[in-house]
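S.K.: Structure file run-v9.txt (compact mmCIF, C-alpha atoms and all ligand atoms) is given on the next line.
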# COMPACT_ATOMS: atom_id res chain seq x y z
CA MET A 9 35.41 -16.43 -2.68
CA LYS A 10 34.13 -14.39 0.26
CA ARG A 11 36.30 -14.57 3.38
CA ILE A 12 34.03 -15.34 6.30
CA LEU A 13 35.03 -15.15 9.93
CA ILE A 14 32.79 -17.05 12.36
CA ILE A 15 33.21 -16.07 15.99
CA GLY A 16 32.20 -19.19 17.91
CA GLY A 17 30.97 -22.02 15.72
CA THR A 18 31.44 -25.24 17.66
CA ARG A 19 28.58 -25.69 20.11
CA PHE A 20 24.96 -25.39 18.94
CA VAL A 21 23.94 -22.63 16.51
CA GLY A 22 27.42 -22.37 15.03
CA ARG A 23 27.79 -26.10 14.65
CA ASN A 24 24.50 -26.36 12.77
CA LEU A 25 25.45 -23.36 10.63
CA ILE A 26 28.81 -24.80 9.65
CA GLU A 27 27.26 -28.17 8.81
CA LYS A 28 25.10 -26.29 6.28
CA LEU A 29 27.83 -23.93 5.06
CA LEU A 30 30.54 -26.50 4.33
CA PRO A 31 28.71 -28.48 1.61
CA LEU A 32 28.01 -25.23 -0.27
CA ASP A 33 31.77 -25.08 -0.91
CA LYS A 34 31.30 -21.40 -1.63
CA TYR A 35 33.09 -19.53 1.13
CA ASP A 36 36.57 -19.23 2.61
CA ILE A 37 35.75 -19.86 6.28
CA THR A 38 37.83 -19.15 9.39
CA LEU A 39 36.71 -19.86 12.95
CA PHE A 40 37.72 -17.81 15.97
CA ASN A 41 37.30 -19.44 19.39
CA ARG A 42 39.33 -20.61 22.37
CA GLY A 43 39.49 -24.24 21.22
CA LYS A 44 37.68 -25.43 24.36
CA THR A 45 34.26 -26.48 23.07
CA ASN A 46 34.23 -29.61 20.89
CA PRO A 47 37.85 -28.99 19.86
CA ASP A 48 37.89 -32.03 17.58
CA ILE A 49 35.14 -30.98 15.18
CA PHE A 50 35.70 -29.05 11.93
CA GLN A 51 39.44 -29.78 11.90
CA GLU A 52 39.40 -29.06 8.16
CA ILE A 53 38.48 -25.39 8.75
CA LYS A 54 41.06 -22.66 9.35
CA ARG A 55 41.06 -21.47 12.93
CA ILE A 56 42.33 -18.53 14.89
CA LYS A 57 42.65 -19.51 18.53
CA GLY A 58 41.77 -16.75 20.93
CA ASP A 59 39.53 -15.34 23.61
CA ARG A 60 37.19 -12.54 22.55
CA LYS A 61 37.51 -11.03 25.99
CA LYS A 62 41.25 -10.47 25.51
CA GLU A 63 42.32 -7.45 23.51
CA SER A 64 45.58 -9.10 22.45
CA ASP A 65 43.58 -11.97 20.89
CA LEU A 66 41.12 -9.57 19.24
CA ARG A 67 44.10 -7.95 17.50
CA LEU A 68 44.59 -11.28 15.67
CA LEU A 69 41.16 -10.77 14.08
CA ALA A 70 41.89 -7.18 13.23
CA ALA A 71 45.07 -8.15 11.41
CA LYS A 72 42.94 -9.33 8.46
CA ASP A 73 40.08 -7.99 6.34
CA TRP A 74 36.86 -10.05 6.30
CA ASP A 75 34.04 -9.84 3.78
CA VAL A 76 31.63 -11.13 6.39
CA VAL A 77 31.88 -11.65 10.15
CA ILE A 78 29.26 -13.98 11.68
CA ASP A 79 29.14 -13.35 15.40
CA ILE A 80 27.38 -16.16 17.20
CA SER A 81 29.02 -15.84 20.59
CA GLY A 82 28.60 -12.12 21.32
CA TYR A 83 27.25 -11.98 24.86
CA TRP A 84 29.01 -9.00 26.44
CA ALA A 85 29.05 -5.38 25.36
CA GLU A 86 32.52 -4.21 26.39
CA PRO A 87 34.49 -6.87 24.46
CA LEU A 88 32.32 -6.22 21.38
CA ALA A 89 33.00 -2.47 21.56
CA THR A 90 36.75 -3.12 21.76
CA GLN A 91 36.61 -5.62 18.92
CA LEU A 92 34.67 -3.32 16.59
CA SER A 93 37.02 -0.43 17.20
CA LEU A 94 39.96 -2.69 16.33
CA GLN A 95 38.18 -4.01 13.23
CA LYS A 96 37.07 -0.58 12.00
CA GLY A 97 37.10 -0.45 8.19
CA LYS A 98 38.09 -4.12 7.93
CA VAL A 99 34.68 -5.81 7.80
CA GLY A 100 32.34 -5.91 4.81
CA ARG A 101 29.23 -7.10 6.67
CA TYR A 102 28.68 -7.99 10.31
CA ILE A 103 25.96 -10.56 11.11
CA TYR A 104 25.10 -10.61 14.78
CA VAL A 105 23.06 -13.38 16.40
CA SER A 106 21.13 -11.52 19.06
CA THR A 107 18.06 -12.62 21.01
CA SER A 108 14.44 -11.64 21.44
CA SER A 109 14.43 -12.05 25.21
CA HIS A 110 15.73 -8.47 25.40
CA TYR A 111 12.38 -6.96 24.34
CA GLN A 112 10.48 -5.07 27.01
CA PHE A 113 7.66 -7.63 27.29
CA ASP A 114 4.53 -6.43 29.04
CA PRO A 115 2.62 -9.37 30.56
CA GLN A 116 -0.50 -7.17 30.64
CA ASN A 117 -0.31 -6.72 26.89
CA PRO A 118 0.57 -10.07 25.30
CA HIS A 119 1.15 -9.81 21.54
CA LEU A 120 3.63 -10.77 18.86
CA ILE A 121 6.40 -8.21 19.21
CA LYS A 122 7.73 -6.42 16.14
CA GLU A 123 11.28 -5.25 15.55
CA GLU A 124 10.48 -1.57 16.21
CA GLU A 125 9.41 -2.21 19.78
CA ALA A 126 11.59 -1.27 22.72
CA ILE A 127 14.46 -3.39 23.97
CA VAL A 128 15.86 -3.17 27.49
CA SER A 129 18.37 -0.56 28.55
CA CYS A 130 21.79 -1.36 30.00
CA SER A 131 23.33 0.59 32.86
CA LEU A 132 27.06 1.21 33.03
CA GLU A 133 27.26 -1.29 35.86
CA GLU A 134 25.40 -3.94 33.84
CA ARG A 135 27.59 -3.24 30.84
CA LYS A 136 30.69 -3.93 32.88
CA SER A 137 29.19 -7.04 34.44
CA GLU A 138 29.44 -10.48 32.92
CA GLU A 139 26.84 -12.04 35.16
CA ARG A 140 24.25 -14.25 33.51
CA LYS A 141 21.44 -12.13 35.00
CA HIS A 142 22.56 -9.23 32.79
CA TYR A 143 22.39 -11.26 29.59
CA ASN A 144 19.42 -9.38 28.09
CA GLN A 145 20.84 -5.95 28.90
CA ASN A 146 24.18 -6.85 27.33
CA LYS A 147 22.62 -8.38 24.20
CA ALA A 148 20.59 -5.17 23.79
CA GLU A 149 23.71 -3.07 24.34
CA CYS A 150 25.64 -5.13 21.75
CA GLU A 151 22.95 -4.19 19.22
CA ARG A 152 23.25 -0.51 20.12
CA ILE A 153 27.04 -0.68 19.80
CA LEU A 154 26.68 -2.16 16.32
CA ALA A 155 24.24 0.57 15.32
CA GLN A 156 26.68 3.25 16.49
CA GLN A 157 29.47 2.08 14.16
CA GLU A 158 29.99 4.48 11.31
CA ASP A 159 29.73 2.87 7.88
CA LEU A 160 29.34 -0.67 9.20
CA ASP A 161 26.97 -2.82 7.15
CA TYR A 162 25.35 -5.04 9.78
CA ILE A 163 22.42 -7.42 10.11
CA ILE A 164 20.98 -8.40 13.47
CA LEU A 165 18.97 -11.61 13.81
CA ARG A 166 16.74 -11.92 16.86
CA PRO A 167 15.82 -15.58 17.39
CA GLY A 168 13.19 -16.88 19.79
CA LEU A 169 13.97 -19.92 21.89
CA ILE A 170 16.38 -21.89 19.73
CA ILE A 171 15.78 -25.63 19.53
CA GLY A 172 17.19 -28.51 17.54
CA LYS A 173 20.17 -30.75 17.07
CA TYR A 174 23.08 -30.20 19.52
CA ASP A 175 20.96 -28.11 21.92
CA TYR A 176 23.12 -28.53 25.02
CA THR A 177 20.54 -27.06 27.43
CA ASP A 178 18.16 -30.08 27.47
CA ARG A 179 15.34 -27.60 28.21
CA LEU A 180 13.07 -28.91 25.47
CA TYR A 181 14.45 -32.44 25.63
CA TYR A 182 13.21 -32.55 29.25
CA TRP A 183 9.63 -32.53 27.86
CA PHE A 184 10.34 -35.01 25.07
CA HIS A 185 11.89 -37.37 27.58
CA LYS A 186 8.87 -37.08 29.89
CA ALA A 187 6.52 -37.81 27.01
CA LYS A 188 8.59 -40.84 26.11
CA THR A 189 8.94 -42.25 29.63
CA GLN A 190 5.92 -41.09 31.71
CA GLU A 191 2.16 -41.12 31.45
CA GLU A 192 1.45 -38.33 33.97
CA ILE A 193 3.31 -35.08 33.42
CA LEU A 194 3.16 -32.00 35.64
CA VAL A 195 2.65 -28.79 33.66
CA ALA A 196 2.01 -25.18 34.64
CA ASN A 197 -1.27 -23.50 33.65
CA GLY A 198 -2.30 -26.47 31.49
CA GLY A 199 1.04 -26.11 29.64
CA GLU A 200 -0.64 -23.41 27.59
CA ASN A 201 1.75 -20.45 27.76
CA PHE A 202 3.16 -19.62 24.34
CA ILE A 203 6.78 -19.11 23.30
CA SER A 204 8.23 -18.30 19.89
CA PHE A 205 10.57 -21.15 18.96
CA THR A 206 13.34 -21.00 16.39
CA ASN A 207 14.34 -24.24 14.75
CA VAL A 208 18.14 -24.00 14.63
CA GLU A 209 18.06 -25.10 10.99
CA ASP A 210 15.94 -22.07 10.13
CA LEU A 211 18.35 -19.81 12.00
CA ALA A 212 21.29 -21.34 10.11
CA GLU A 213 19.46 -20.75 6.80
CA ALA A 214 18.70 -17.17 7.81
CA ILE A 215 22.38 -16.52 8.60
CA ILE A 216 23.39 -17.95 5.23
CA THR A 217 20.82 -15.75 3.49
CA ALA A 218 22.10 -12.75 5.46
CA ILE A 219 25.57 -13.23 3.96
CA GLU A 220 24.36 -12.16 0.53
CA ILE A 221 21.06 -10.37 0.96
CA ASP A 222 20.65 -6.81 -0.24
CA ASN A 223 18.01 -5.30 1.99
CA LYS A 224 17.47 -1.95 3.61
CA GLU A 225 16.31 -3.43 6.91
CA LYS A 226 18.98 -4.36 9.41
CA ILE A 227 17.08 -6.04 12.24
CA PHE A 228 15.01 -9.20 11.89
CA ASN A 229 13.06 -11.29 14.34
CA CYS A 230 13.72 -14.89 13.41
CA SER A 231 11.27 -17.47 14.75
CA SER A 232 9.86 -20.60 13.18
CA PHE A 233 6.55 -20.99 15.03
CA ASN A 234 4.70 -20.15 18.24
CA ALA A 235 3.79 -23.09 20.44
CA SER A 236 3.04 -24.13 23.99
CA ILE A 237 4.50 -27.05 25.91
CA SER A 238 1.08 -28.68 25.70
CA ASP A 239 1.24 -28.39 21.86
CA PHE A 240 4.59 -30.16 21.94
CA LEU A 241 3.45 -32.88 24.35
CA THR A 242 0.28 -33.58 22.39
CA LEU A 243 2.23 -33.98 19.16
CA ILE A 244 5.00 -36.04 20.73
CA GLY A 245 2.37 -38.37 22.23
CA LYS A 246 0.76 -38.73 18.81
CA LYS A 247 4.06 -39.44 17.04
CA LEU A 248 5.21 -41.90 19.70
CA ASP A 249 1.74 -43.44 19.92
CA LYS A 250 1.70 -42.81 23.66
CA LYS A 251 -1.07 -41.84 26.04
CA ILE A 252 -0.12 -38.68 27.96
CA ASN A 253 -2.03 -37.18 30.85
CA LEU A 254 -1.16 -33.57 31.65
CA VAL A 255 -1.56 -32.72 35.32
CA SER A 256 -2.07 -28.99 35.46
CA ALA A 257 -0.97 -26.82 38.36
CA THR A 258 -1.70 -23.14 38.81
CA ALA A 259 1.11 -20.64 39.03
CA ASP A 260 0.09 -19.91 42.64
CA PHE A 261 0.29 -23.58 43.62
CA LEU A 262 3.69 -23.96 41.97
CA THR A 263 5.13 -20.80 43.47
CA THR A 264 3.87 -21.72 46.94
CA ASN A 265 5.58 -25.07 46.57
CA GLY A 266 8.92 -23.56 45.58
CA VAL A 267 8.69 -24.37 41.87
CA LYS A 268 10.62 -21.74 39.95
CA GLN A 269 9.68 -20.41 36.55
CA TRP A 270 12.03 -21.33 33.70
CA SER A 271 14.22 -23.63 35.83
CA SER A 272 12.19 -26.08 37.98
CA LEU A 273 9.80 -26.51 35.06
CA PRO A 274 11.91 -25.82 31.97
CA LEU A 275 10.54 -23.21 29.57
CA TRP A 276 7.65 -22.28 31.88
CA LEU A 277 7.11 -18.54 32.09
CA ASN A 278 3.94 -17.35 33.73
CA GLY A 279 2.52 -15.54 30.71
CA ASN A 280 3.21 -15.34 27.00
CA PHE A 281 6.72 -13.90 27.00
CA LEU A 282 9.18 -14.35 24.16
CA THR A 283 6.50 -14.11 21.50
CA ILE A 284 7.66 -12.36 18.35
CA ASP A 285 6.35 -11.48 14.91
CA ASN A 286 8.45 -12.93 12.09
CA SER A 287 6.69 -11.38 9.10
CA ARG A 288 9.60 -9.04 8.24
CA ILE A 289 12.11 -11.86 7.77
CA GLN A 290 9.56 -14.02 5.98
CA SER A 291 9.07 -11.45 3.30
CA ALA A 292 12.62 -10.03 3.10
CA PHE A 293 14.46 -13.37 3.18
CA GLN A 294 11.73 -15.26 1.29
CA MET A 295 12.01 -17.98 3.89
CA GLU A 296 9.65 -20.82 4.61
CA PHE A 297 10.02 -21.80 8.21
CA ILE A 298 10.00 -25.36 9.50
CA SER A 299 6.70 -26.37 11.15
CA LEU A 300 6.15 -27.56 14.71
CA GLU A 301 5.20 -30.99 13.39
CA LYS A 302 8.35 -31.42 11.29
CA THR A 303 10.46 -30.14 14.20
CA VAL A 304 8.92 -32.74 16.53
CA GLU A 305 9.48 -35.53 13.99
CA ASP A 306 13.14 -34.54 13.46
CA LEU A 307 13.78 -34.21 17.18
CA ILE A 308 12.26 -37.62 17.96
CA GLN A 309 14.60 -39.01 15.32
CA PHE A 310 17.62 -37.17 16.81
CA TYR A 311 16.80 -38.10 20.42
CA SER A 312 16.33 -41.75 19.42
CA SER A 313 19.49 -42.08 17.38
CA GLU A 314 22.00 -39.67 18.98
CA LYS A 315 20.84 -39.10 22.55
CA LYS A 316 19.27 -42.54 22.86
CA TRP A 317 16.73 -41.08 25.31
CA ALA A 318 19.39 -40.63 28.02
CA ILE A 319 18.22 -38.93 31.23
CA PRO A 320 18.06 -35.17 30.57
CA ASN A 321 20.30 -32.81 32.46
CA PRO A 322 18.71 -29.41 31.88
CA THR A 323 20.49 -26.17 32.64
CA PRO A 324 19.34 -24.71 34.97
CA PRO A 325 18.35 -27.89 36.87
CA ALA A 326 14.68 -28.96 36.84
CA LEU A 327 12.45 -30.70 39.40
CA SER A 328 13.52 -34.26 40.15
CA ARG A 329 11.10 -37.04 39.22
CA GLN A 330 10.35 -37.60 42.93
CA GLU A 331 9.55 -33.90 43.46
CA GLU A 332 7.21 -34.06 40.48
CA ILE A 333 5.48 -37.20 41.84
CA ASP A 334 5.02 -35.51 45.25
CA LEU A 335 3.50 -32.41 43.66
CA ILE A 336 1.14 -34.49 41.51
CA ALA A 337 0.02 -36.39 44.65
CA LYS A 338 -0.61 -33.08 46.42
CA ILE A 339 -2.73 -31.83 43.51
CA SER A 340 -4.72 -35.10 43.41
CA SER A 341 -5.41 -34.91 47.16
CA THR A 342 -6.94 -31.42 47.03
N1 LIG B 1 19.74 -20.90 23.13
C1 LIG B 1 18.76 -20.07 22.88
O1 LIG B 1 17.58 -20.40 23.03
C2 LIG B 1 19.06 -18.69 22.36
C3 LIG B 1 17.99 -17.84 22.12
C4 LIG B 1 18.24 -16.59 21.53
C5 LIG B 1 19.54 -16.25 21.20
N2 LIG B 1 20.58 -17.07 21.49
C6 LIG B 1 21.92 -16.66 21.08
O2 LIG B 1 22.42 -17.63 20.18
C7 LIG B 1 23.82 -17.80 20.35
C8 LIG B 1 23.98 -19.26 20.64
O3 LIG B 1 25.26 -19.62 20.90
P1 LIG B 1 25.83 -21.11 20.65
O4 LIG B 1 26.47 -21.57 21.91
O5 LIG B 1 24.81 -21.95 20.03
O6 LIG B 1 26.96 -20.73 19.58
P2 LIG B 1 28.13 -21.59 18.97
O7 LIG B 1 28.90 -20.66 18.08
O8 LIG B 1 27.67 -22.87 18.38
O9 LIG B 1 29.03 -21.96 20.25
C9 LIG B 1 29.61 -20.99 21.08
C10 LIG B 1 31.02 -20.74 20.57
O10 LIG B 1 31.63 -19.62 21.18
C11 LIG B 1 32.98 -19.94 21.51
N3 LIG B 1 33.33 -19.08 22.63
C12 LIG B 1 32.76 -19.05 23.87
N4 LIG B 1 33.36 -18.12 24.64
C13 LIG B 1 34.34 -17.57 23.85
C14 LIG B 1 35.31 -16.55 24.08
N5 LIG B 1 35.42 -15.92 25.26
N6 LIG B 1 36.14 -16.22 23.07
C15 LIG B 1 36.06 -16.86 21.87
N7 LIG B 1 35.17 -17.81 21.60
C16 LIG B 1 34.31 -18.16 22.58
C17 LIG B 1 32.92 -21.43 21.84
O11 LIG B 1 34.17 -22.07 21.64
P3 LIG B 1 35.27 -22.14 22.83
O12 LIG B 1 34.55 -22.54 24.08
O13 LIG B 1 36.19 -23.19 22.32
O14 LIG B 1 35.88 -20.79 22.90
C18 LIG B 1 31.94 -21.93 20.79
O15 LIG B 1 32.58 -22.16 19.56
C19 LIG B 1 24.22 -16.83 21.45
O16 LIG B 1 24.65 -15.62 20.89
C20 LIG B 1 22.91 -16.58 22.22
O17 LIG B 1 22.88 -15.30 22.83
C21 LIG B 1 20.35 -18.29 22.05
Show the structure stored in the file as structure tokens.

M.R.:
Amino acid sequence: MKRILIIGGTRFVGRNLIEKLLPLDKYDITLFNRGKTNPDIFQEIKRIKGDRKKESDLRLLAAKDWDVVIDISGYWAEPLATQLSLQKGKVGRYIYVSTSSHYQFDPQNPHLIKEEEAIVSCSLEERKSEERKHYNQNKAECERILAQQEDLDYIILRPGLIIGKYDYTDRLYYWFHKAKTQEEILVANGGENFISFTNVEDLAEAIITAIEIDNKEKIFNCSSFNASISDFLTLIGKKLDKKINLVSATADFLTTNGVKQWSSLPLWLNGNFLTIDNSRIQSAFQMEFISLEKTVEDLIQFYSSEKKWAIPNPTPPALSRQEEIDLIAKISST
């Protein structure tokens, strides 16, 4: 039985992964985390309690050999470099959940980005920083650190925007909740900017495939479909049998009125950023990705049964309902 170490595992991606891994009854799994996030779940799994930012805790990982390490919570370059030097020669395969927001997107040249294209650089200062604004630089640097390891068999998965069960950000749920509870919804640019979305179940399946796969490629974009917020809202309206009226605002109007991209209107980026090509993983992993329609159906089911359509609390915070009403009134009056 392969010994698998999962670094993280209890919030969103990891939780979905473990829910798929456990019934396979095929692997000897150990979790490494601080025991802070959802400490009561997966009590049946072996656990090493520790903080990946502390060298003394990382030594606990290095005390054992692992056939596979699945790193879901690798955000910062320096701790990863320390960890890999401590684990040198003790890991069979390292699977790293990266991102695709670290590509050097060019808004003037929108296209589906392939794995060979450039990712952002990371200065020494950014590498030493743990500020959220240096997330992309550090994810990119983590990939470079992995590639520099001699004789390490690694696979890097680059998801798009991850959505699905246990998504704690409420960024997509914000839009589902609006479709459920409102008729008029404020959207930017007709809600037509595209993003590559990754259904978390597809990502979990890709990680499981990566445990065993024998492939010469090491880096894989991993997205399920490309869609716009308007695509989502149209489908949600259809499934909920609800009339929805999108009130479109231009980027100029929104910016002038203090509406911030990504936060005030969740998932709004002024242009088609975060759009990736997933043909490499489709052919190498022989995966069939979950469709937008099935994702919407499953999420409506989850939000009805588990979340019970509670008021969303997106991170970062979005416009309040009153702010949205005021902006819609301003648009109607011009
Ligand atoms: N959300 C997106 O749209 C998106 C898009 C692209 C890529 N990603 C990537 O996908 C991953 C998603 O993460 P997730 O939250 O869903 O993963 P997760 O594995 O489900 O949860 C995060 C885990 O990390 C542990 N953890 C946090 N800080 C730690 C530390 N200092 N030392 C040890 N363990 C620590 C947490 O437990 P404790 O708190 O108990 O330690 C928790 O178990 C990230 O790598 C992110 O960069 C996300």

S.K.: Please provide as a short mmCIF file (atom, residue, chain, number, x, y, z; two decimals) with C-alpha atoms, in the frame of the given file all residues within 9 Å of Ser256 of chain A, with the sequence filter that same-chain residues fewer than 2 positions apart are discarded (counting only C-alpha atoms).

M.R.:
data_model
loop_
_atom_site.label_atom_id
_atom_site.label_comp_id
_atom_site.auth_asym_id
_atom_site.auth_seq_id
_atom_site.Cartn_x
_atom_site.Cartn_y
_atom_site.Cartn_z
CA ILE A 193 3.31 -35.08 33.42
CA LEU A 194 3.16 -32.00 35.64
CA VAL A 195 2.65 -28.79 33.66
CA ALA A 196 2.01 -25.18 34.64
CA ASN A 197 -1.27 -23.50 33.65
CA GLY A 198 -2.30 -26.47 31.49
CA GLY A 199 1.04 -26.11 29.64
CA LEU A 254 -1.16 -33.57 31.65
CA THR A 258 -1.70 -23.14 38.81
CA ILE A 336 1.14 -34.49 41.51
CA ILE A 339 -2.73 -31.83 43.51
#

S.K.: Report, in Å to a single decimal, how far apart atom CA of Leu282 of chain A and atom CA of Tyr111 of chain A are.

M.R.: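 Separating atom CA of Tyr111 of chain A from atom CA of Leu282 of chain A is a distance of 8.1 Å.
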
S.K.: Which residue is closest to ligand LIG 1 (chain B)? Choose from A:Phe113, A:Tyr174, A:Tyr182, A:Tyr102 and count all atoms listed in the file.

M.R.: A:Tyr174

S.K.: Record the distance separating atom CA of Ser81 of chain A and atom CA of Ile227 of chain A, expressed in Å with one decimal.

M.R.: 17.6 Å

S.K.: So that each row is one residue of chain A with an atom at most 7 Å from ligand LIG 1 (chain B), can you give its shortest atom pair and the distance in Å to one decimal, using only C-alpha atoms and all ligand atoms, rows by chain and rising number, as a Markdown table?

M.R.:
| residue | atom | partner | partner_atom | distance |
| --- | --- | --- | --- | --- |
| A:Ile15 | CA | B:LIG1 | N7 | 6.2 |
| A:Gly16 | CA | B:LIG1 | C10 | 3.3 |
| A:Gly17 | CA | B:LIG1 | O7 | 3.4 |
| A:Thr18 | CA | B:LIG1 | O15 | 3.8 |
| A:Arg19 | CA | B:LIG1 | O8 | 3.4 |
| A:Phe20 | CA | B:LIG1 | O5 | 3.6 |
| A:Val21 | CA | B:LIG1 | O5 | 3.7 |
| A:Gly22 | CA | B:LIG1 | O8 | 3.4 |
| A:Arg23 | CA | B:LIG1 | O8 | 4.9 |
| A:Phe40 | CA | B:LIG1 | N7 | 6.2 |
| A:Asn41 | CA | B:LIG1 | N7 | 3.5 |
| A:Arg42 | CA | B:LIG1 | O14 | 3.5 |
| A:Gly43 | CA | B:LIG1 | O13 | 3.6 |
| A:Lys44 | CA | B:LIG1 | O13 | 3.4 |
| A:Thr45 | CA | B:LIG1 | O13 | 3.9 |
| A:Asn46 | CA | B:LIG1 | O13 | 6.9 |
| A:Pro47 | CA | B:LIG1 | O13 | 6.5 |
| A:Gly58 | CA | B:LIG1 | C15 | 5.8 |
| A:Asp59 | CA | B:LIG1 | N6 | 3.5 |
| A:Arg60 | CA | B:LIG1 | N6 | 3.9 |
| A:Lys61 | CA | B:LIG1 | N5 | 5.4 |
| A:Ile80 | CA | B:LIG1 | O16 | 4.6 |
| A:Ser81 | CA | B:LIG1 | O16 | 4.4 |
| A:Gly82 | CA | B:LIG1 | O16 | 5.3 |
| A:Tyr83 | CA | B:LIG1 | O17 | 5.9 |
| A:Val105 | CA | B:LIG1 | O16 | 5.3 |
| A:Ser106 | CA | B:LIG1 | C5 | 5.4 |
| A:Thr107 | CA | B:LIG1 | C5 | 3.9 |
| A:Ser108 | CA | B:LIG1 | C4 | 6.2 |
| A:Ser109 | CA | B:LIG1 | C4 | 7.0 |
| A:Arg166 | CA | B:LIG1 | C5 | 6.7 |
| A:Pro167 | CA | B:LIG1 | C4 | 4.9 |
| A:Gly168 | CA | B:LIG1 | C4 | 5.3 |
| A:Leu169 | CA | B:LIG1 | O1 | 3.8 |
| A:Ile170 | CA | B:LIG1 | O1 | 3.8 |
| A:Ile171 | CA | B:LIG1 | O1 | 6.5 |

S.K.: Generate the output file for the selected residues, C-alpha atoms, as a PDB file, in the frame of the given file.

M.R.:
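Written out: out_22.pdb:
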ATOM      1  CA  ILE A  15      33.210 -16.070  15.990  1.00  0.00           C
ATOM      2  CA  GLY A  16      32.200 -19.190  17.910  1.00  0.00           C
ATOM      3  CA  GLY A  17      30.970 -22.020  15.720  1.00  0.00           C
ATOM      4  CA  THR A  18      31.440 -25.240  17.660  1.00  0.00           C
ATOM      5  CA  ARG A  19      28.580 -25.690  20.110  1.00  0.00           C
ATOM      6  CA  PHE A  20      24.960 -25.390  18.940  1.00  0.00           C
ATOM      7  CA  VAL A  21      23.940 -22.630  16.510  1.00  0.00           C
ATOM      8  CA  GLY A  22      27.420 -22.370  15.030  1.00  0.00           C
ATOM      9  CA  ARG A  23      27.790 -26.100  14.650  1.00  0.00           C
ATOM     10  CA  PHE A  40      37.720 -17.810  15.970  1.00  0.00           C
ATOM     11  CA  ASN A  41      37.300 -19.440  19.390  1.00  0.00           C
ATOM     12  CA  ARG A  42      39.330 -20.610  22.370  1.00  0.00           C
ATOM     13  CA  GLY A  43      39.490 -24.240  21.220  1.00  0.00           C
ATOM     14  CA  LYS A  44      37.680 -25.430  24.360  1.00  0.00           C
ATOM     15  CA  THR A  45      34.260 -26.480  23.070  1.00  0.00           C
ATOM     16  CA  ASN A  46      34.230 -29.610  20.890  1.00  0.00           C
ATOM     17  CA  PRO A  47      37.850 -28.990  19.860  1.00  0.00           C
ATOM     18  CA  GLY A  58      41.770 -16.750  20.930  1.00  0.00           C
ATOM     19  CA  ASP A  59      39.530 -15.340  23.610  1.00  0.00           C
ATOM     20  CA  ARG A  60      37.190 -12.540  22.550  1.00  0.00           C
ATOM     21  CA  LYS A  61      37.510 -11.030  25.990  1.00  0.00           C
ATOM     22  CA  ILE A  80      27.380 -16.160  17.200  1.00  0.00           C
ATOM     23  CA  SER A  81      29.020 -15.840  20.590  1.00  0.00           C
ATOM     24  CA  GLY A  82      28.600 -12.120  21.320  1.00  0.00           C
ATOM     25  CA  TYR A  83      27.250 -11.980  24.860  1.00  0.00           C
ATOM     26  CA  VAL A 105      23.060 -13.380  16.400  1.00  0.00           C
ATOM     27  CA  SER A 106      21.130 -11.520  19.060  1.00  0.00           C
ATOM     28  CA  THR A 107      18.060 -12.620  21.010  1.00  0.00           C
ATOM     29  CA  SER A 108      14.440 -11.640  21.440  1.00  0.00           C
ATOM     30  CA  SER A 109      14.430 -12.050  25.210  1.00  0.00           C
ATOM     31  CA  ARG A 166      16.740 -11.920  16.860  1.00  0.00           C
ATOM     32  CA  PRO A 167      15.820 -15.580  17.390  1.00  0.00           C
ATOM     33  CA  GLY A 168      13.190 -16.880  19.790  1.00  0.00           C
ATOM     34  CA  LEU A 169      13.970 -19.920  21.890  1.00  0.00           C
ATOM     35  CA  ILE A 170      16.380 -21.890  19.730  1.00  0.00           C
ATOM     36  CA  ILE A 171      15.780 -25.630  19.530  1.00  0.00           C
TER      37      ILE A 171
END

S.K.: Under the rule that all atoms listed in the file are counted, which of A:Asn24, A:Leu32, A:Val208, A:Glu151 is the nearest residue to Ala89 of chain A?

M.R.: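 That would be A:Glu151, the residue with the smallest distance to Ala89 of chain A.
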